[in-house]
file work-v2.txt (compact mmCIF, C-alpha atoms and all ligand atoms)
# COMPACT_ATOMS: atom_id res chain seq x y z
CA MET A 1 -18.50 -9.73 10.00
CA ARG A 2 -15.90 -7.50 11.63
CA ASN A 3 -16.52 -4.10 13.16
CA VAL A 4 -13.11 -2.95 12.06
CA ILE A 5 -10.24 -4.29 10.00
CA ILE A 6 -6.91 -2.49 10.26
CA ILE A 7 -4.46 -2.92 7.41
CA GLY A 8 -0.88 -2.60 8.61
CA SER A 9 0.99 -3.29 11.82
CA GLY A 10 3.28 -0.28 12.09
CA CYS A 11 2.85 2.48 14.67
CA ALA A 12 -0.35 3.72 13.00
CA GLY A 13 -2.02 0.31 12.73
CA ASN A 14 -0.92 -0.81 16.19
CA THR A 15 -2.21 2.36 17.83
CA ALA A 16 -5.52 2.08 15.97
CA ALA A 17 -5.66 -1.53 17.23
CA ILE A 18 -5.06 -0.48 20.86
CA TYR A 19 -7.82 2.14 20.73
CA THR A 20 -10.42 0.06 18.85
CA ALA A 21 -9.69 -2.98 21.02
CA ARG A 22 -10.15 -0.92 24.19
CA ALA A 23 -13.45 0.27 22.71
CA ASN A 24 -14.40 -3.43 22.57
CA LEU A 25 -14.57 -3.50 18.76
CA LYS A 26 -12.38 -6.64 18.46
CA PRO A 27 -10.26 -5.38 15.55
CA LEU A 28 -8.59 -7.66 13.07
CA VAL A 29 -5.10 -6.41 12.16
CA ILE A 30 -3.57 -7.53 8.87
CA ILE A 31 0.17 -7.65 9.46
CA GLY A 32 1.26 -7.20 5.83
CA HIS A 33 4.58 -7.67 4.08
CA GLU A 34 6.63 -5.49 6.47
CA PRO A 35 5.59 -6.62 9.97
CA GLY A 36 5.99 -3.72 12.37
CA GLY A 37 6.42 -1.24 9.54
CA GLN A 38 9.37 1.13 9.26
CA LEU A 39 10.20 0.82 12.97
CA SER A 40 11.10 -2.81 12.48
CA ILE A 41 14.11 -1.75 10.38
CA THR A 42 15.29 0.89 12.88
CA THR A 43 17.78 -0.23 15.49
CA GLU A 44 17.27 2.33 18.24
CA VAL A 45 14.45 4.84 18.64
CA GLU A 46 15.35 7.82 20.82
CA ASP A 47 12.61 10.30 19.97
CA VAL A 48 9.44 8.50 21.01
CA PRO A 49 8.25 10.22 24.21
CA GLY A 50 8.26 8.06 27.32
CA PHE A 51 11.51 6.17 26.77
CA PRO A 52 14.29 8.30 28.32
CA MET A 53 16.97 5.74 27.40
CA GLY A 54 15.46 4.98 23.97
CA ILE A 55 14.01 1.69 22.82
CA ASP A 56 14.82 -0.61 19.93
CA GLY A 57 12.37 -0.34 17.01
CA PRO A 58 11.25 -3.99 16.90
CA GLY A 59 10.84 -3.96 20.71
CA LEU A 60 8.53 -0.96 20.50
CA ASP A 61 6.45 -2.72 17.83
CA GLU A 62 6.20 -5.83 19.93
CA ASN A 63 5.06 -3.84 22.98
CA MET A 64 2.31 -2.14 20.99
CA GLU A 65 1.08 -5.43 19.55
CA LYS A 66 1.00 -7.05 23.01
CA GLN A 67 -0.87 -4.04 24.36
CA ALA A 68 -3.52 -4.30 21.61
CA GLU A 69 -3.84 -8.08 22.06
CA ARG A 70 -4.37 -7.60 25.78
CA PHE A 71 -7.62 -5.80 24.92
CA GLY A 72 -8.75 -8.34 22.31
CA ALA A 73 -7.13 -7.32 19.00
CA GLU A 74 -6.45 -10.20 16.65
CA TYR A 75 -3.38 -10.18 14.36
CA VAL A 76 -3.06 -12.25 11.19
CA TYR A 77 -0.36 -12.34 8.51
CA GLY A 78 -1.59 -11.53 5.04
CA THR A 79 -1.70 -9.19 2.08
CA VAL A 80 -4.76 -7.43 0.76
CA VAL A 81 -4.85 -8.48 -2.88
CA GLU A 82 -8.23 -6.95 -3.75
CA ALA A 83 -10.81 -4.73 -2.09
CA ASP A 84 -14.44 -3.92 -2.80
CA LEU A 85 -15.27 -0.63 -1.11
CA SER A 86 -18.22 0.19 -3.40
CA LYS A 87 -20.78 -0.74 -0.74
CA ARG A 88 -21.02 -1.70 2.92
CA PRO A 89 -20.00 -4.01 4.37
CA PHE A 90 -16.61 -3.50 2.77
CA ARG A 91 -15.03 -6.66 1.37
CA LEU A 92 -11.32 -7.47 1.46
CA ASN A 93 -9.59 -10.34 -0.27
CA ILE A 94 -6.72 -11.31 2.00
CA ASP A 95 -4.55 -13.90 0.28
CA GLY A 96 -7.58 -15.42 -1.46
CA GLU A 97 -9.98 -15.32 1.48
CA TRP A 98 -12.76 -12.69 1.57
CA HIS A 99 -13.42 -10.80 4.83
CA ASP A 100 -16.36 -8.44 5.52
CA THR A 101 -16.03 -5.38 7.71
CA ARG A 102 -18.19 -2.41 8.71
CA THR A 103 -15.22 -0.03 8.89
CA LEU A 104 -11.71 -0.09 7.52
CA ILE A 105 -8.56 1.65 8.73
CA ILE A 106 -5.84 1.78 6.07
CA ALA A 107 -2.48 2.01 7.81
CA SER A 108 -0.45 0.18 5.19
CA GLY A 109 2.37 2.73 5.20
CA ALA A 110 4.83 3.76 2.54
CA SER A 111 7.84 1.64 1.82
CA ALA A 112 11.20 3.33 1.38
CA ARG A 113 12.52 3.07 -2.14
CA TRP A 114 15.95 1.38 -2.14
CA LEU A 115 18.74 1.40 -4.68
CA GLY A 116 18.83 -2.39 -5.02
CA LEU A 117 22.58 -2.75 -4.31
CA ALA A 118 23.93 -6.20 -3.51
CA ASN A 119 24.75 -5.39 0.15
CA GLU A 120 22.16 -2.69 0.84
CA GLN A 121 19.42 -4.75 2.53
CA LYS A 122 21.94 -6.68 4.66
CA LEU A 123 23.29 -3.44 6.16
CA ILE A 124 19.95 -1.78 6.99
CA GLY A 125 20.14 -0.81 10.65
CA HIS A 126 23.95 -1.20 10.53
CA GLY A 127 24.81 2.02 8.74
CA VAL A 128 22.27 1.91 5.91
CA SER A 129 19.16 3.94 6.67
CA SER A 130 16.21 5.54 4.92
CA CYS A 131 15.47 8.01 7.72
CA ALA A 132 17.87 10.76 8.83
CA THR A 133 15.50 11.97 11.55
CA CYS A 134 15.48 8.48 13.06
CA ASP A 135 19.16 7.61 12.79
CA GLY A 136 21.09 10.88 12.28
CA ALA A 137 22.06 11.27 15.94
CA PHE A 138 24.10 8.05 15.78
CA TYR A 139 26.58 9.75 13.43
CA ARG A 140 28.09 12.46 15.62
CA GLU A 141 31.44 13.56 14.18
CA ARG A 142 31.28 10.84 11.53
CA LYS A 143 31.18 10.88 7.75
CA VAL A 144 27.89 10.14 6.04
CA MET A 145 26.53 9.96 2.51
CA VAL A 146 23.05 10.84 1.27
CA ILE A 147 21.72 9.51 -2.04
CA GLY A 148 19.06 11.41 -4.01
CA GLY A 149 18.35 14.67 -5.76
CA GLY A 150 14.91 15.58 -4.42
CA ASP A 151 13.73 17.70 -1.48
CA THR A 152 14.04 14.78 0.93
CA ALA A 153 17.71 14.30 0.06
CA MET A 154 18.39 18.03 0.58
CA GLU A 155 16.47 18.08 3.83
CA GLU A 156 18.21 14.96 5.14
CA ALA A 157 21.66 16.21 4.10
CA ASN A 158 21.09 19.51 5.90
CA PHE A 159 19.69 17.78 8.97
CA LEU A 160 22.64 15.38 9.12
CA THR A 161 25.16 18.26 9.24
CA ARG A 162 23.94 18.87 12.82
CA PHE A 163 25.70 15.66 13.81
CA ALA A 164 28.04 14.45 11.10
CA SER A 165 31.50 15.87 10.51
CA HIS A 166 30.82 15.77 6.78
CA VAL A 167 28.00 14.87 4.39
CA THR A 168 28.49 13.81 0.76
CA LEU A 169 25.38 14.13 -1.37
CA VAL A 170 25.34 11.81 -4.37
CA HIS A 171 22.91 12.32 -7.25
CA ARG A 172 22.69 10.37 -10.49
CA ARG A 173 22.12 13.37 -12.79
CA GLU A 174 23.39 16.91 -13.25
CA GLN A 175 19.96 18.51 -12.73
CA PHE A 176 18.21 18.31 -9.39
CA ARG A 177 14.56 17.59 -8.79
CA ALA A 178 14.69 19.45 -5.46
CA SER A 179 13.09 22.89 -5.12
CA LYS A 180 15.48 25.80 -5.58
CA ILE A 181 15.25 26.93 -1.97
CA MET A 182 16.12 23.48 -0.60
CA LEU A 183 18.92 23.00 -3.11
CA ASP A 184 20.39 26.46 -2.43
CA ARG A 185 20.31 25.81 1.32
CA ALA A 186 22.17 22.53 0.90
CA ARG A 187 24.68 24.10 -1.52
CA ALA A 188 25.38 26.89 0.95
CA ASN A 189 26.10 24.44 3.75
CA PRO A 190 29.91 24.18 4.13
CA LYS A 191 29.62 20.65 5.55
CA ILE A 192 27.98 19.26 2.37
CA THR A 193 29.90 18.18 -0.74
CA PHE A 194 27.91 17.48 -3.92
CA LEU A 195 28.75 14.64 -6.30
CA HIS A 196 26.46 14.75 -9.30
CA SER A 197 26.27 12.40 -12.31
CA THR A 198 27.40 9.76 -9.87
CA VAL A 199 25.89 6.43 -8.86
CA VAL A 200 26.70 3.97 -6.12
CA ASP A 201 27.78 0.52 -7.29
CA ASP A 202 27.76 -1.01 -3.80
CA VAL A 203 28.11 -0.36 -0.08
CA TYR A 204 30.52 -2.19 2.29
CA ASP A 205 31.29 -4.04 4.60
CA ILE A 206 29.19 -7.14 5.17
CA GLY A 207 32.15 -8.83 6.93
CA GLN A 208 32.20 -6.15 9.66
CA ASN A 209 28.40 -5.93 9.78
CA SER A 210 28.59 -2.14 9.46
CA VAL A 211 29.01 0.47 6.76
CA THR A 212 32.64 1.40 6.14
CA GLY A 213 32.56 2.69 2.56
CA VAL A 214 31.06 2.70 -0.92
CA ARG A 215 32.14 2.20 -4.51
CA LEU A 216 31.10 5.13 -6.71
CA ARG A 217 30.95 5.58 -10.47
CA ASN A 218 30.74 8.76 -12.51
CA VAL A 219 28.22 8.03 -15.25
CA GLU A 220 29.75 10.59 -17.64
CA THR A 221 33.45 9.81 -17.33
CA GLY A 222 33.15 6.16 -16.27
CA ARG A 223 35.61 6.79 -13.42
CA VAL A 224 35.19 4.34 -10.53
CA TRP A 225 36.49 5.01 -7.02
CA GLU A 226 35.95 4.10 -3.38
CA GLN A 227 35.07 6.44 -0.55
CA GLU A 228 35.01 5.81 3.19
CA VAL A 229 31.73 6.57 4.95
CA ASP A 230 30.18 5.54 8.28
CA GLY A 231 26.55 6.13 7.39
CA PHE A 232 24.63 5.67 4.13
CA PHE A 233 21.25 7.39 3.83
CA VAL A 234 19.05 6.49 0.89
CA ALA A 235 16.60 9.34 0.16
CA ILE A 236 15.17 8.46 -3.24
CA GLY A 237 11.49 8.55 -2.31
CA HIS A 238 8.82 6.31 -0.84
CA ILE A 239 6.13 4.14 -2.40
CA PRO A 240 2.76 4.28 -0.59
CA ASN A 241 1.18 0.84 -0.23
CA THR A 242 -2.18 1.61 -1.83
CA LYS A 243 -2.22 -0.61 -4.92
CA ALA A 244 -5.22 -2.65 -3.73
CA PHE A 245 -7.34 0.54 -3.38
CA LYS A 246 -6.56 2.22 -6.68
CA GLY A 247 -9.72 3.45 -8.40
CA GLN A 248 -11.75 3.34 -5.16
CA ILE A 249 -9.97 5.53 -2.63
CA ASP A 250 -8.92 8.99 -3.85
CA LEU A 251 -5.14 8.93 -4.28
CA ASP A 252 -2.79 11.73 -5.33
CA HIS A 253 -0.45 11.47 -8.33
CA ASP A 254 2.13 9.55 -6.28
CA GLY A 255 -0.42 7.12 -4.85
CA TYR A 256 -0.79 8.64 -1.35
CA ILE A 257 -4.33 8.71 0.11
CA VAL A 258 -5.96 12.13 -0.15
CA THR A 259 -7.38 13.08 3.23
CA ARG A 260 -10.86 14.51 3.69
CA GLY A 261 -9.89 15.97 7.05
CA GLY A 262 -9.08 14.16 10.29
CA ALA A 263 -8.59 10.53 9.33
CA ARG A 264 -11.37 10.48 6.73
CA THR A 265 -11.05 9.31 3.13
CA ASN A 266 -13.53 9.92 0.28
CA ILE A 267 -15.43 6.78 1.39
CA GLU A 268 -17.50 6.98 4.56
CA GLY A 269 -16.36 4.33 7.01
CA VAL A 270 -12.86 4.04 5.50
CA PHE A 271 -10.14 5.87 7.42
CA HIS A 272 -6.44 6.44 6.91
CA ALA A 273 -3.56 6.53 9.39
CA GLY A 274 0.18 7.05 9.09
CA ASP A 275 2.55 7.23 6.14
CA VAL A 276 0.01 5.92 3.62
CA GLN A 277 -1.34 9.49 3.66
CA ASP A 278 1.41 11.50 5.38
CA ARG A 279 4.32 12.49 3.16
CA ALA A 280 5.42 15.37 5.36
CA TYR A 281 6.18 14.10 8.88
CA ARG A 282 6.53 10.29 8.69
CA GLN A 283 7.40 9.86 12.38
CA ALA A 284 6.47 7.04 14.75
CA ILE A 285 4.68 9.49 17.00
CA THR A 286 2.72 11.23 14.22
CA ALA A 287 1.70 7.84 12.78
CA ALA A 288 0.57 6.73 16.24
CA GLY A 289 -1.42 9.96 16.61
CA MET A 290 -3.14 9.33 13.29
CA GLY A 291 -3.88 5.74 14.34
CA CYS A 292 -5.62 7.08 17.42
CA MET A 293 -7.62 9.56 15.31
CA ALA A 294 -8.69 6.85 12.85
CA ALA A 295 -9.79 4.58 15.71
CA ILE A 296 -11.89 7.31 17.32
CA GLU A 297 -13.47 8.13 13.94
CA ALA A 298 -14.27 4.44 13.32
CA GLU A 299 -15.79 4.13 16.78
CA ARG A 300 -17.99 7.21 16.26
CA PHE A 301 -19.02 6.01 12.81
CA LEU A 302 -20.11 2.62 14.17
CA GLU A 303 -21.99 4.25 17.03
CA ALA A 304 -23.85 6.55 14.63
CA GLU A 305 -24.78 3.48 12.54
CA GLY A 306 -26.16 1.80 15.65
CA HIS A 307 -23.48 -0.89 16.12
P1 LIG B 1 11.40 12.78 -5.28
O1 LIG B 1 11.07 14.21 -5.42
O2 LIG B 1 10.66 11.78 -6.11
O3 LIG B 1 12.96 12.64 -5.59
C1 LIG B 1 13.57 11.39 -5.62
C2 LIG B 1 15.03 11.59 -6.01
O4 LIG B 1 15.66 10.32 -5.94
C3 LIG B 1 15.19 12.13 -7.45
O5 LIG B 1 16.22 13.06 -7.48
C4 LIG B 1 15.56 10.86 -8.22
O6 LIG B 1 16.45 11.10 -9.28
C5 LIG B 1 16.28 10.05 -7.19
N1 LIG B 1 16.15 8.63 -7.48
C6 LIG B 1 15.04 7.89 -7.63
N2 LIG B 1 15.33 6.61 -7.87
C7 LIG B 1 16.68 6.53 -7.89
C8 LIG B 1 17.60 5.48 -8.09
N3 LIG B 1 17.19 4.23 -8.32
N4 LIG B 1 18.92 5.76 -8.05
C9 LIG B 1 19.36 7.02 -7.80
N5 LIG B 1 18.54 8.06 -7.60
C10 LIG B 1 17.22 7.81 -7.64
O7 LIG B 1 11.26 12.24 -3.77
P2 LIG B 1 11.46 13.03 -2.40
O8 LIG B 1 12.69 13.85 -2.42
O9 LIG B 1 11.30 12.02 -1.33
O10 LIG B 1 10.22 14.01 -2.34
C11 LIG B 1 8.89 13.49 -2.42
C12 LIG B 1 7.90 14.65 -2.33
O11 LIG B 1 7.91 15.21 -1.01
C13 LIG B 1 8.22 15.80 -3.27
O12 LIG B 1 7.02 16.35 -3.75
C14 LIG B 1 8.94 16.80 -2.39
O13 LIG B 1 8.84 18.13 -2.86
C15 LIG B 1 8.21 16.61 -1.07
N6 LIG B 1 9.09 16.98 0.05
C16 LIG B 1 9.04 18.27 0.48
C17 LIG B 1 9.85 18.69 1.52
C18 LIG B 1 9.78 20.09 2.02
O14 LIG B 1 9.30 20.94 1.31
N7 LIG B 1 10.24 20.37 3.22
C19 LIG B 1 10.74 17.78 2.11
C20 LIG B 1 10.79 16.49 1.64
C21 LIG B 1 9.95 16.10 0.60
P3 LIG B 1 15.95 11.79 -10.65
O15 LIG B 1 15.75 13.21 -10.33
O16 LIG B 1 17.09 11.52 -11.59
O17 LIG B 1 14.70 11.07 -11.05

call {"tool": "encode", "arguments": {"input": "work-v2.txt", "output": "structure tokens"}}
result
Amino acid sequence: MRNVIIIGSGCAGNTAAIYTARANLKPLVIIGHEPGGQLSITTEVEDVPGFPMGIDGPGLDENMEKQAERFGAEYVYGTVVEADLSKRPFRLNIDGEWHDTRTLIIASGASARWLGLANEQKLIGHGVSSCATCDGAFYRERKVMVIGGGDTAMEEANFLTRFASHVTLVHRREQFRASKIMLDRARANPKITFLHSTVVDDVYDIGQNSVTGVRLRNVETGRVWEQEVDGFFVAIGHIPNTKAFKGQIDLDHDGYIVTRGGARTNIEGVFHAGDVQDRAYRQAITAAGMGCMAAIEAERFLEAEGH
């Protein structure tokens, strides 16, 4: 029987592990299918306080894990395939093996949705990104492209004009899903060019290990052409990793956990942290903050239950 199981090893899960381990709760951290979370696919992180010269994403993950292990956290690879949260102790099926726990911190994150292009995954961290806030500053006076027609795409395109010399926004349809205010703001920005009814066939150049251009196709006319770009930002939404909890934890229409304030979910003793609930900020530091909150809530819950 565990005092606490933490699902996810990104900033949220790792911070929850540091705090619960220091509280002597011996947490078990389930590493999941994206070890280290979104940070692990970011080359350099410049906005986490305390690192004046920046730090590489995987390095930051590794430091947090080591810090948690120093206080007794245990990390195992695995995927939660099923969960029974109907009574306590909670039961989790991790790759076929059942584990019991008094409290649960869900920090399983939200995975960026990708286009599925042949070269896309190979160029992540080398010009392909899913986070303008994280990587925008690397594109000063360079040409970038943003894919998507929702609020995130508009927000990222606008944000990127602070650095980039030019931003091309590519959307697959004529109509935009983005709210009028966000769309109008992007349209009014002289640094942004819109290409609608256009899809990306692939991104280059694997040989140079960095993004140099894309092949585009107009879905109405069939015209195909190439365009040079230095950065390629995919902003077509995220998928929260909550499948195993569907029907038990309250989720919104997109599958994000609905908070009950602080780090609480609708089930007492089950807490959330990071992007699995947060669709607004999605930063390393906000996820870490939520991990800390979830850990403190779990600790207080266990204390109140006499453990
Ligand atoms: P979203 O609203 O679901 O929009 C995703 C966009 O990506 C859509 O335009 C969609 O095209 C496109 N897309 C999806 N799959 C694609 C594919 N395979 N190829 C090409 N295009 C694809 O996602 P989001 O923009 O991340 O926003 C998520 C939520 O957060 C929304 O509720 C949004 O309002 C909110 N948000 C709010 C703010 C703000 O208010 N400041 C900022 C960011 C996000 P189609 O339209 O053709 O389906």

call {"tool": "atom_distance", "arguments": {"input": "work-v2.txt", "atom1": "CA of Ser210 in chain A", "atom2": "CA of Thr168 in chain A"}}
result
18.2 Å

call {"tool": "closest_residue", "arguments": {"input": "work-v2.txt", "among": "A:Cys131, A:Leu115, A:Ala137, A:Ala287", "to": "ligand LIG 1 (chain B)", "atoms": "only C-alpha atoms and all ligand atoms"}}
result
A:Leu115

call {"tool": "residues_around", "arguments": {"input": "work-v2.txt", "residues": "range 242-249 of chain A", "least_positions_apart": "2", "cutoff": "6 Å", "atoms": "all atoms listed in the file", "output": "CSV table (one decimal) with C-alpha atoms, in the coordinates of the input"}}
result
chain,number,residue,atom,x,y,z
A,81,VAL,CA,-4.8,-8.5,-2.9
A,82,GLU,CA,-8.2,-7.0,-3.8
A,240,PRO,CA,2.8,4.3,-0.6

call {"tool": "residues_near_ligand", "arguments": {"input": "work-v2.txt", "ligand": "ligand LIG 1 (chain B)", "cutoff": "8 Å", "atoms": "only C-alpha atoms and all ligand atoms", "output": "number ranges by chain"}}
result
A: 113-116, 147-155, 171-173, 175-179, 182, 199, 235-238, 279-280

call {"tool": "closest_residue", "arguments": {"input": "work-v2.txt", "among": "A:Gln121, A:Gly136, A:Glu297, A:Val270", "to": "Asp84 in chain A", "atoms": "all atoms listed in the file"}}
result
A:Val270

call {"tool": "atom_distance", "arguments": {"input": "work-v2.txt", "atom1": "CA of Asn14 in chain A", "atom2": "CA of Phe138 in chain A"}}
result
26.5 Å

call {"tool": "closest_residue", "arguments": {"input": "work-v2.txt", "among": "A:Phe233, A:Phe194, A:Phe71, A:Phe51", "to": "Val170 in chain A", "atoms": "only C-alpha atoms"}}
result
A:Phe194

call {"tool": "closest_residue", "arguments": {"input": "work-v2.txt", "among": "A:Asn158, A:Asn119, A:Asn218, A:Ser165", "to": "Val203 in chain A", "atoms": "all atoms listed in the file"}}
result
A:Asn119

call {"tool": "closest_residue", "arguments": {"input": "work-v2.txt", "among": "A:Glu303, A:Asp100, A:Glu226, A:Glu120", "to": "Val214 in chain A", "atoms": "all atoms listed in the file"}}
result
A:Glu226

call {"tool": "closest_residue", "arguments": {"input": "work-v2.txt", "among": "A:Gly231, A:Gly72, A:Pro89, A:Gly222", "to": "Asn24 in chain A", "atoms": "all atoms listed in the file"}}
result
A:Gly72

call {"tool": "atom_distance", "arguments": {"input": "work-v2.txt", "atom1": "CA of Val48 in chain A", "atom2": "CA of Asn63 in chain A"}}
result
13.2 Å

call {"tool": "residues_near_point", "arguments": {"input": "work-v2.txt", "point": "(0.8, 12.1, 4.1)", "cutoff": "12 Å", "atoms": "all atoms listed in the file", "output": "tab-separated table (two decimals) with C-alpha atoms, keeping the file's coordinate frame"}}
result
chain	number	residue	atom	x	y	z
A	107	ALA	CA	-2.48	2.01	7.81
A	109	GLY	CA	2.37	2.73	5.20
A	110	ALA	CA	4.83	3.76	2.54
A	238	HIS	CA	8.82	6.31	-0.84
A	239	ILE	CA	6.13	4.14	-2.40
A	240	PRO	CA	2.76	4.28	-0.59
A	251	LEU	CA	-5.14	8.93	-4.28
A	252	ASP	CA	-2.79	11.73	-5.33
A	254	ASP	CA	2.13	9.55	-6.28
A	255	GLY	CA	-0.42	7.12	-4.85
A	256	TYR	CA	-0.79	8.64	-1.35
A	257	ILE	CA	-4.33	8.71	0.11
A	258	VAL	CA	-5.96	12.13	-0.15
A	259	THR	CA	-7.38	13.08	3.23
A	260	ARG	CA	-10.86	14.51	3.69
A	261	GLY	CA	-9.89	15.97	7.05
A	262	GLY	CA	-9.08	14.16	10.29
A	263	ALA	CA	-8.59	10.53	9.33
A	272	HIS	CA	-6.44	6.44	6.91
A	273	ALA	CA	-3.56	6.53	9.39
A	274	GLY	CA	0.18	7.05	9.09
A	275	ASP	CA	2.55	7.23	6.14
A	276	VAL	CA	0.01	5.92	3.62
A	277	GLN	CA	-1.34	9.49	3.66
A	278	ASP	CA	1.41	11.50	5.38
A	279	ARG	CA	4.32	12.49	3.16
A	280	ALA	CA	5.42	15.37	5.36
A	281	TYR	CA	6.18	14.10	8.88
A	282	ARG	CA	6.53	10.29	8.69
A	283	GLN	CA	7.40	9.86	12.38
A	286	THR	CA	2.72	11.23	14.22
A	287	ALA	CA	1.70	7.84	12.78
A	290	MET	CA	-3.14	9.33	13.29

call {"tool": "axis_aligned_box", "arguments": {"input": "work-v2.txt", "around": "range 202-220 of chain A", "padding_each_side": "4 Å", "output": "lines of an AutoDock Vina configuration file"}}
result
center_x = 30.2
center_y = 0.9
center_z = -3.9
size_x = 12.9
size_y = 27.4
size_z = 35.4

call {"tool": "residues_near_point", "arguments": {"input": "work-v2.txt", "point": "(-6.5, -6.8, 19.5)", "cutoff": "12 Å", "atoms": "only C-alpha atoms", "output": "JSON, numbers by chain"}}
result
{"A": [4, 5, 6, 9, 13, 14, 15, 16, 17, 18, 19, 20, 21, 22, 23, 24, 25, 26, 27, 28, 29, 30, 64, 65, 66, 67, 68, 69, 70, 71, 72, 73, 74, 75, 76]}

call {"tool": "residues_around", "arguments": {"input": "work-v2.txt", "residues": "Glu46 in chain A", "least_positions_apart": "4", "cutoff": "12 Å", "atoms": "all atoms listed in the file", "output": "compact mmCIF listing (two decimals) with C-alpha atoms, in the coordinates of the input"}}
result
# COMPACT_ATOMS: atom_id res chain seq x y z
CA LEU A 39 10.20 0.82 12.97
CA THR A 42 15.29 0.89 12.88
CA GLY A 50 8.26 8.06 27.32
CA PHE A 51 11.51 6.17 26.77
CA PRO A 52 14.29 8.30 28.32
CA MET A 53 16.97 5.74 27.40
CA GLY A 54 15.46 4.98 23.97
CA ILE A 55 14.01 1.69 22.82
CA ASP A 56 14.82 -0.61 19.93
CA GLY A 57 12.37 -0.34 17.01
CA LEU A 60 8.53 -0.96 20.50
CA THR A 133 15.50 11.97 11.55
CA CYS A 134 15.48 8.48 13.06
CA ASP A 135 19.16 7.61 12.79
CA GLY A 136 21.09 10.88 12.28
CA ALA A 137 22.06 11.27 15.94
CA PHE A 138 24.10 8.05 15.78
CA GLN A 283 7.40 9.86 12.38
CA ALA A 284 6.47 7.04 14.75
CA ILE A 285 4.68 9.49 17.00

call {"tool": "residues_around", "arguments": {"input": "work-v2.txt", "residues": "Arg142 in chain A", "least_positions_apart": "2", "cutoff": "10 Å", "atoms": "all atoms listed in the file", "output": "PyMOL selection string"}}
result
chain A and resi 138-140+144+161+163-167+229-231
